[in-house]
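Chemist: Below you'll find the structure I mean.
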Amino acid sequence: MAKALEGVRVLDMTHVQSGPSATQLLAWLGADVVKLEAPGGDITRRQLRDIPDVDSLYFTMLNCNKRSITLNTKSERGRELLTELIRRSDVLVENFGPGAVDRMGFTWERIREINPRIVYASIKGFGEGPYTNFKAYEVVAQAMGGSMSTTGFEDGPPLATGAQIGDSGTGVHAVAAVLAALLQRERTGRGQRVNVAMQHAVLNLCRVKLRDQQRLGRGPLAEYPNEDFGDEVPRSGNASGGGQPGWAVRCAPGGPNDYVYVIVQPVGWEPLSRLIGRPELAEDPEWATPEARLPKLGKMFQLIEEWSSALPKWEVLERLNAHNIPCGPILSTREIIEDASLVANGMVVEVDHPERGSFTTVGSPLKLSDSPVDVVRSPLLGEHNAEVYVGELGLGDEELRLLKTSGVI
């Protein structure tokens, strides 16, 4: 069966996480993603290794379904080959520091001259302005995009989230922009420049906190458990911050992830009050309505926790779901990797690798009925040099050998 992006060639000049996460999604959607690496390879091939001299899980889990070629773009012949690769590609994605590709001699004007139909996508830390040349990492983007100031408990420091919203979150935004540009090219015949900044992507994911910042001007945020409000949105622990209050309540036997997150909807209060052994609260005017409960959120979840803390989280989950009360157990990384439903849905997959053997990785969250995804291992460094340079660009075997011995590939 043909894949959604079959026939689309992506020249992947990305490294580390934000760029590779984007190009892996494009590969899963069926694009031919050619990962162009310096002869030394993407730095993450060597970072956080668990097996000596073998590509790390950091690399393998971000570069499935791609081909790998090597190229020294600082050499004259390397730049000539890069020009030809650009000419034959539909999309170019890079996440170097600001101006790095320009300094190679490949400005947007030059790239557009080589291939007027190409979509040239750049992922950077920040947009134009005073932060442009700042170095950006995952948690830097979280810090400057609004996430950290609103994550954590009121009396504690700002916290980073374990979700990679700065890197992989930006990658997802980049994919949306690239797909939109490819669709627009169908109408115009022209490629275009795409820019996505990590700070901007994190900010987009934090929009509800900017909503609450504006609401603060009209008084305290009643759905937050905080007692005191200043002129900034406070950290509010595990409060949902939405229209329905929620909290993570402790369960037995009291381990670090023995919690269930519970949301109390108006319709759920009556069955919940019976479950926790306090049925009288369903009729008590001090507790019966959402408006009455809002000032007592801390006490409300304390009552729920007095019940849940005596039960295992899976039993709490079963009892709450029996009454359609929204909830979810806190799943540890071990529980997730062993979750049968995630395996059945292709979200936790086993992949064979010629050097490291079998490893577990995350599958594609994008499910298209006519474009199924088979997760294929990440490529070895330069594994497809001959396939691309000889088979597709038409170089001879002898030139390929000379390119290698001279350090061009």
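Identifiers in the structure tokens: chain A, B, ... in order shown; residue index from 1 per chain; ligand index from 1 in order shown.
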Using only C-alpha atoms, which protein or nucleic acid residues come within 7 Å of stretch 56-63 of chain A? Drop anything in the same chain fewer than 6 positions from it, and give the result as a count of residues only.

Modeler: 13

Chemist: List the neighbours of A:Gln199 out to 10 Å using only C-alpha atoms; skip same-chain residues closer than 6 positions along the sequence, and give me the result as a ChimeraX atom specification.

Modeler: /A:124-127,131,136-138,140-147,165-167,170

Chemist: Could you tell me how far atom CA of A:Ser18 lies from atom CA of A:Gly346, in Å and to one decimal?

Modeler: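 Between atom CA of A:Ser18 and atom CA of A:Gly346 the gap works out to 22.4 Å.
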
Chemist: From the DSSP assignment of the backbone, select every residue of stretch 189-302 of chain A that is helix (DSSP H, G or I), and format the answer as a PyMOL selection string.

Modeler: chain A and resi 198-205+207-218+266-275+279-282+290-302

Chemist: Choose the residue, out of A:His384, A:Lys135, A:Lys74, A:His15, that has the smallest atom-to-atom separation from A:Phe106; count only C-alpha atoms.

Modeler: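 For A:Phe106, the nearest of the given residues is A:Lys74.
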
Chemist: Which residues are near A:Val34? Cut-off 10 Å, only C-alpha atoms, ignore same chain within fewer than 5 positions. Put them as a PDB file with N, CA, C and O atoms, in the first residue's frame.

Modeler:
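The resulting file, result.pdb, is reproduced below:
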ATOM      1  N   ARG A   9      10.976  13.426  -1.188  1.00  0.00           N
ATOM      2  CA  ARG A   9      12.356  13.251  -0.733  1.00  0.00           C
ATOM      3  C   ARG A   9      12.695  14.346   0.269  1.00  0.00           C
ATOM      4  O   ARG A   9      12.548  15.538  -0.015  1.00  0.00           O
ATOM      5  N   VAL A  10      13.138  13.930   1.451  1.00  0.00           N
ATOM      6  CA  VAL A  10      13.520  14.866   2.512  1.00  0.00           C
ATOM      7  C   VAL A  10      15.020  14.760   2.737  1.00  0.00           C
ATOM      8  O   VAL A  10      15.538  13.677   3.027  1.00  0.00           O
ATOM      9  N   LEU A  11      15.710  15.873   2.589  1.00  0.00           N
ATOM     10  CA  LEU A  11      17.125  15.934   2.911  1.00  0.00           C
ATOM     11  C   LEU A  11      17.225  16.390   4.364  1.00  0.00           C
ATOM     12  O   LEU A  11      16.920  17.527   4.709  1.00  0.00           O
ATOM     13  N   ASP A  12      17.640  15.469   5.221  1.00  0.00           N
ATOM     14  CA  ASP A  12      17.617  15.669   6.660  1.00  0.00           C
ATOM     15  C   ASP A  12      19.001  16.090   7.142  1.00  0.00           C
ATOM     16  O   ASP A  12      19.893  15.263   7.319  1.00  0.00           O
ATOM     17  N   MET A  13      19.176  17.382   7.369  1.00  0.00           N
ATOM     18  CA  MET A  13      20.441  17.916   7.874  1.00  0.00           C
ATOM     19  C   MET A  13      20.298  18.290   9.347  1.00  0.00           C
ATOM     20  O   MET A  13      20.790  19.314   9.808  1.00  0.00           O
ATOM     21  N   THR A  23      11.852  14.794  11.306  1.00  0.00           N
ATOM     22  CA  THR A  23      12.094  14.019  10.093  1.00  0.00           C
ATOM     23  C   THR A  23      11.713  12.554  10.274  1.00  0.00           C
ATOM     24  O   THR A  23      11.347  11.882   9.311  1.00  0.00           O
ATOM     25  N   ALA A  27       9.310  10.435   7.891  1.00  0.00           N
ATOM     26  CA  ALA A  27       9.667   9.106   7.402  1.00  0.00           C
ATOM     27  C   ALA A  27       8.556   8.104   7.687  1.00  0.00           C
ATOM     28  O   ALA A  27       8.212   7.265   6.844  1.00  0.00           O
ATOM     29  N   ASN A  65      13.554   4.498  10.193  1.00  0.00           N
ATOM     30  CA  ASN A  65      12.962   4.646   8.860  1.00  0.00           C
ATOM     31  C   ASN A  65      13.689   5.647   7.969  1.00  0.00           C
ATOM     32  O   ASN A  65      13.111   6.178   7.017  1.00  0.00           O
ATOM     33  N   LYS A  66      14.961   5.935   8.253  1.00  0.00           N
ATOM     34  CA  LYS A  66      15.736   6.870   7.448  1.00  0.00           C
ATOM     35  C   LYS A  66      16.896   6.152   6.769  1.00  0.00           C
ATOM     36  O   LYS A  66      17.283   5.051   7.163  1.00  0.00           O
ATOM     37  N   ARG A  67      17.454   6.809   5.765  1.00  0.00           N
ATOM     38  CA  ARG A  67      18.728   6.391   5.175  1.00  0.00           C
ATOM     39  C   ARG A  67      19.815   7.346   5.640  1.00  0.00           C
ATOM     40  O   ARG A  67      19.529   8.496   5.966  1.00  0.00           O
ATOM     41  N   SER A  68      21.056   6.885   5.697  1.00  0.00           N
ATOM     42  CA  SER A  68      22.155   7.735   6.153  1.00  0.00           C
ATOM     43  C   SER A  68      23.244   7.833   5.098  1.00  0.00           C
ATOM     44  O   SER A  68      23.696   6.823   4.556  1.00  0.00           O
ATOM     45  N   ILE A  69      23.641   9.083   4.831  1.00  0.00           N
ATOM     46  CA  ILE A  69      24.826   9.326   4.010  1.00  0.00           C
ATOM     47  C   ILE A  69      25.733  10.291   4.761  1.00  0.00           C
ATOM     48  O   ILE A  69      25.275  11.034   5.629  1.00  0.00           O
ATOM     49  N   LEU A  85      22.143  17.254  -4.174  1.00  0.00           N
ATOM     50  CA  LEU A  85      21.152  16.664  -3.267  1.00  0.00           C
ATOM     51  C   LEU A  85      19.978  17.619  -3.063  1.00  0.00           C
ATOM     52  O   LEU A  85      18.816  17.193  -3.034  1.00  0.00           O
ATOM     53  N   SER A  89      15.725  17.161  -3.999  1.00  0.00           N
ATOM     54  CA  SER A  89      14.894  16.993  -2.805  1.00  0.00           C
ATOM     55  C   SER A  89      13.646  17.864  -2.854  1.00  0.00           C
ATOM     56  O   SER A  89      13.614  18.906  -3.502  1.00  0.00           O
ATOM     57  N   LEU A  92      14.055  20.262   2.684  1.00  0.00           N
ATOM     58  CA  LEU A  92      15.321  20.310   3.408  1.00  0.00           C
ATOM     59  C   LEU A  92      15.005  20.760   4.827  1.00  0.00           C
ATOM     60  O   LEU A  92      14.338  21.771   5.032  1.00  0.00           O
ATOM     61  N   PRO A 379      19.532   3.878  10.574  1.00  0.00           N
ATOM     62  CA  PRO A 379      20.640   3.460   9.706  1.00  0.00           C
ATOM     63  C   PRO A 379      21.985   3.549  10.407  1.00  0.00           C
ATOM     64  O   PRO A 379      22.188   4.363  11.309  1.00  0.00           O
ATOM     65  N   HIS A 384      24.111   4.211   3.485  1.00  0.00           N
ATOM     66  CA  HIS A 384      23.511   4.335   2.156  1.00  0.00           C
ATOM     67  C   HIS A 384      24.331   5.233   1.228  1.00  0.00           C
ATOM     68  O   HIS A 384      23.802   5.752   0.239  1.00  0.00           O
ATOM     69  N   VAL A 388      22.993   6.113  -2.559  1.00  0.00           N
ATOM     70  CA  VAL A 388      22.621   7.465  -2.961  1.00  0.00           C
ATOM     71  C   VAL A 388      23.608   8.051  -3.971  1.00  0.00           C
ATOM     72  O   VAL A 388      23.216   8.538  -5.038  1.00  0.00           O
TER      73      VAL A 388
END

Chemist: Where in stretch 57-216 of chain A does DSSP assign strand (DSSP E), given as a list in words?

Modeler: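 The strand (DSSP E) residues within stretch 57-216 of chain A come out as Arg67, Ser68, Ile69, Thr70, Val91, Leu92, Val93, Glu94, Val119, Tyr120, Ala121, Ser122, Ile123, Lys124, Arg193, Val194, Asn195, Val196 and Ala197 of chain A.
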
Chemist: Could you write out that same residue set with C-alpha atoms as a PDB file, in the first residue's frame?

Modeler:
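selection-v9.pdb was written with the following content:
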ATOM      1  CA  ARG A  67      18.728   6.391   5.175  1.00  0.00           C
ATOM      2  CA  SER A  68      22.155   7.735   6.153  1.00  0.00           C
ATOM      3  CA  ILE A  69      24.826   9.326   4.010  1.00  0.00           C
ATOM      4  CA  THR A  70      27.952  11.175   5.083  1.00  0.00           C
ATOM      5  CA  VAL A  91      12.166  19.216   1.593  1.00  0.00           C
ATOM      6  CA  LEU A  92      15.321  20.310   3.408  1.00  0.00           C
ATOM      7  CA  VAL A  93      15.248  20.333   7.214  1.00  0.00           C
ATOM      8  CA  GLU A  94      18.053  21.690   9.415  1.00  0.00           C
ATOM      9  CA  VAL A 119      10.484  23.525   1.162  1.00  0.00           C
ATOM     10  CA  TYR A 120      13.362  24.686   3.368  1.00  0.00           C
ATOM     11  CA  ALA A 121      12.553  24.213   7.055  1.00  0.00           C
ATOM     12  CA  SER A 122      14.688  25.489   9.918  1.00  0.00           C
ATOM     13  CA  ILE A 123      14.265  24.749  13.608  1.00  0.00           C
ATOM     14  CA  LYS A 124      15.898  27.294  15.878  1.00  0.00           C
ATOM     15  CA  ARG A 193      10.878  28.996   3.747  1.00  0.00           C
ATOM     16  CA  VAL A 194       9.617  27.486   7.007  1.00  0.00           C
ATOM     17  CA  ASN A 195      10.849  28.639  10.420  1.00  0.00           C
ATOM     18  CA  VAL A 196       9.876  27.129  13.759  1.00  0.00           C
ATOM     19  CA  ALA A 197      11.373  28.269  17.071  1.00  0.00           C
TER      20      ALA A 197
END
